[in-house]
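Trainee: Below you will find the structure I want to go over with you.
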Amino acid sequence: METVLKVENLCKSFDKEQVLKNVSFELEKGEVLAIIGSSGGGKTTLLRCLNQLVIPDGGKITVNDDVIFDAELGKENEKNLRTKRLHFGLVFQQFNLFPQYNVFNNLTLAARLLAKEKNSKNKGSSEDLKKEYARIDSEAEKILERVGLKEKMKAYPCELSGGQQQRVAIARALILHPDILCFDEPTSALDPELTGEVLRVIEGLKSKDNTMIIVTHEMEFARRVAGKIIFIADGIIEEMGTPEEVFENPKSEKLKNFFSKSVEKL
Amino acid sequence: MAEAFLVKIWNFIIQFVSGINLPDFKTFCEVTLQLLDGFKLTLLIFAVTLAGALPLGLLITFGSMSKIKIIKGLTKGFVWVIRGTPLMLQIILVFYGPGLIFKIDGLNRLPAVIIAFIINYACYFSEIYRGGIESISQGQYEAGQVLGMTKTQIFFRIILAQVIKRIIPPMGNEIITLVKDTSLARVVSCVELLKAAQEIVGLKAIIWPIFYIGAFYLLFTGVLTIVFGKIEKKLDYYKG
């Protein structure tokens with residue numbers, strides 16, 4: 001198995017509060033990691049650090065042997081940051097689709113811009129670019145078919161249900177072929193009856209090529225889909241292991257507490 | 001009771017209307033033509049101010065949202081001064097100021113008026129733009145960032161269109177105010193619509209032209225209201 005992601009001693013503070021304390025873990029290709037824990041524990045910050053929406057204070061992130069963040073090397077310039085971000089895809093809790101574009105253009109906008117940039121850098125002809133656009137368009141259609149929304153191609157986000165919007169957001173992340181696809185509580189903003197369709201799409205993405213990190217409160221889902229579970233509390237990885245290890249034999253008091261509270265909620 | 005009241009109102013209207021001396025057709029045409037001359041200048045001030053203030057306003061917005069404290073402070077101070085003093089005062093200052101302060105030849109009347117208008121309206125527009133930009137959720141920027149877009153692409157491809165949709169109603173308000181504010185140009189003797197009417201009133205000793213120009217302003221703002229309504233409707237295809 002090849003290691004896709006290596007996170008070493010990741011730290012992040014906001015003001016004086018330390019949100020992530022020396023977080024380290026590794027992911028192998030095709031692995032699905034579920035991150036669980038109470039709100040405010042640092043789960044979302046960890047995802048945002050990986051995507052460099054938040055710049056970590058310390059530590060190192062390596063994707064496929066490419067160092068995408070190293071606190072010792074100092075700040076990256078905007079252009080490098082942009083390329084390095086593309087190793088990751090991120091699906092937000094609030095979908096964040098672009099409201100003025102229809103579903104199809106939501107998918108193709110960024111891909112086309114990147115293609116155009118690449119074309120002018122390589123001094124390609126306008127014919128090449130047209131071909132590339134056509135390739136992107138046909139791929140967008142395929143991906144929309146995969147998430148079951150091909151017939152909604154021309155619809156605007158405001159015309160879709162929350163579940164459909166989130167499926168478009170997943171499709172939008174997929175079209176850029178990230179090495180690691182991250183989900184930040186993808187079903188938390190949805191009505192309960194809509195979570196199923198989104199979780200099914202995520203589950204359907206599981207394959208030997210798709211490495212995924214899912215921050216979630218859906219314990220059953222995490223247990224079923226993930227190969228590895230991380231439990232974060234107060235910015236520290238309290239427990240890490242296979243679903244069996246973590247769910248059947250929680251070792252730390254914090255995790256036991258967390259589970260009993262989750263059950264209480266039911 | 002109600003009938004008697006209505007009859008009273010009717011009688012009053014009849015009396016009022018028959019008391020007005022309607023102008024003869026020839027004078028009416030003469031006056032209309034003269035007023036149209038003034039109206040041309042009103043239109044010119046309006047159009048040039050818009051053409052200058054819309055982009056300049058965006059520049060001021062970027063200044064007032066700048067991360068560099070000095071630029072932000074200076075811009076905010078400038079906007080405070082411009083919004084905090086009457087436009088009429090600013091017109092007078094731009095027209096007479098250079099001559100009085102620096103003892104140099106000042107600007108001609110019309111350029112001075114237009115410069116004052118552009119600066120004044122750019123400041124008001126900049127605050128509307130800022131409100132629009134700040135109302136867009138951070139998630140839109142972040143979505144662009146994780147999709148590998150540059151800051152410029154994010155602003156022009158994602159944010160701007162949403163900002164425009166949100167600021168159309170307050171901009172409509174401000175632009176209709178501009179139509180009426182053009183009448184301030186008369187303070188440095190630019191013969192725009194109101195000044196043209198005043199001159200006729202003085203020369204011909206008739207009062208009605210001054211009321212007649214109300215119809216010009218109403219017509220103009222009416223057209224603008226329709227235009228803005230159309231733009232709003234056109235952008236209605238999405239929410240957000």
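Order determines the names: the first chain of the structure tokens is A, the second B, and so forth; residues in each chain are numbered 1 upward, and ligands are numbered 1 upward as they are shown.
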Return the neighbours of chain B among the residues of chain A, cut-off 9 Å, counting only C-alpha atoms, as a PyMOL selection string.
Mentor: chain A and resi 51-53+78-79+81-86+88-92+94-101+109-111+113-114+156-159+172-173+176
Trainee: Based on DSSP run over this structure's backbone, return all residues of region 8-226 of chain B in alpha helix (DSSP H), as a ChimeraX atom specification.
Mentor: /B:8-19,25-64,69-84,87-102,109-134,138-146,151-153,160-181,193-204,208-226
Trainee: Just to confirm, what's the straight-line distance from CA of Ala189 (chain A) to CA of Val147 (chain A) in Å (one decimal)?
Mentor: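 Computing it gives 18.7 Å between the two atoms.
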Trainee: Please build the interface table for region 235-258 of chain A against region 20-38 of chain A with a cut-off of 8 Å, listing for each qualifying residue the nearest atom pair and the distance in Å to one decimal; count only C-alpha atoms, order rows by chain and increasing number, and write it as a Markdown table.
Mentor:
```
| residue | atom | partner | partner_atom | distance |
| --- | --- | --- | --- | --- |
| A:Gly235 | CA | A:Leu20 | CA | 4.1 |
| A:Ile236 | CA | A:Lys21 | CA | 5.6 |
| A:Ile237 | CA | A:Val23 | CA | 6.4 |
| A:Phe258 | CA | A:Ser38 | CA | 7.2 |
```
Trainee: Compile the contact shell of Glu232 (chain B) as a list in words: residues with an atom at most 10 Å away, counting only C-alpha atoms, same-chain residues fewer than 6 positions apart removed.
Mentor: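 Once the nearby chain positions are removed, what remains is Ile164, Lys165, Arg166, Ile167, Ile168, Pro169 and Ile226 of chain B.
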Trainee: I need the residues of region 48-176 of chain A that end up classed as strand (DSSP E) by DSSP on the backbone, written out as a PyMOL selection string.
Mentor: chain A and resi 58-63+66-70+88-91
Trainee: For Thr216 (chain A), list every protein, DNA or RNA residue within 8 Å, evaluated using only C-alpha atoms, and leave out those in the same chain fewer than 2 positions away; present the list as an MDAnalysis selection string.
Mentor: chainID A and resid 34:36 184:187 214 218:219 222
Trainee: Which residues come within 12 Å of Leu73 (chain A), counting only C-alpha atoms, excluding same-chain residues fewer than 2 positions away, as a short mmCIF file (atom, residue, chain, number, x, y, z; two decimals) with N, CA, C and O atoms, in the first residue's frame?
Mentor:
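File produced: out-v2.cif:
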```
data_model
loop_
_atom_site.label_atom_id
_atom_site.label_comp_id
_atom_site.auth_asym_id
_atom_site.auth_seq_id
_atom_site.Cartn_x
_atom_site.Cartn_y
_atom_site.Cartn_z
N ASP A 57 0.09 26.57 12.28
CA ASP A 57 1.21 27.27 12.92
C ASP A 57 2.46 26.40 12.91
O ASP A 57 3.57 26.91 12.93
N GLY A 58 2.24 25.09 12.93
CA GLY A 58 3.40 24.21 12.97
C GLY A 58 3.08 22.87 12.38
O GLY A 58 1.91 22.51 12.23
N GLY A 59 4.12 22.12 12.00
CA GLY A 59 3.91 20.78 11.48
C GLY A 59 4.22 20.68 10.01
O GLY A 59 4.73 21.63 9.40
N LYS A 60 3.88 19.54 9.46
CA LYS A 60 4.24 19.27 8.07
C LYS A 60 3.14 18.41 7.44
O LYS A 60 2.61 17.51 8.10
N ILE A 61 2.78 18.72 6.20
CA ILE A 61 1.79 17.92 5.48
C ILE A 61 2.44 17.46 4.17
O ILE A 61 2.95 18.29 3.41
N VAL A 67 5.77 17.87 -0.51
CA VAL A 67 5.54 18.59 0.75
C VAL A 67 4.63 19.77 0.46
O VAL A 67 5.02 20.70 -0.26
N ILE A 68 3.40 19.73 0.94
CA ILE A 68 2.50 20.83 0.60
C ILE A 68 2.45 21.88 1.71
O ILE A 68 2.04 22.99 1.50
N PHE A 69 2.89 21.49 2.90
CA PHE A 69 3.05 22.50 3.94
C PHE A 69 4.16 22.09 4.88
O PHE A 69 4.24 20.94 5.30
N ASP A 70 5.03 23.06 5.17
CA ASP A 70 6.06 22.82 6.17
C ASP A 70 6.27 24.12 6.91
O ASP A 70 6.72 25.11 6.33
N ALA A 71 5.94 24.12 8.21
CA ALA A 71 6.01 25.36 8.98
C ALA A 71 7.41 25.94 8.96
O ALA A 71 7.59 27.15 9.02
N LYS A 75 6.09 31.01 4.79
CA LYS A 75 4.87 31.20 4.02
C LYS A 75 5.04 30.93 2.54
O LYS A 75 6.05 31.32 1.95
N GLU A 76 4.08 30.27 1.94
CA GLU A 76 4.08 30.02 0.51
C GLU A 76 3.53 31.24 -0.21
O GLU A 76 2.70 31.97 0.33
N ASN A 77 3.97 31.44 -1.46
CA ASN A 77 3.31 32.50 -2.22
C ASN A 77 1.97 31.99 -2.74
O ASN A 77 1.71 30.79 -2.77
#
```
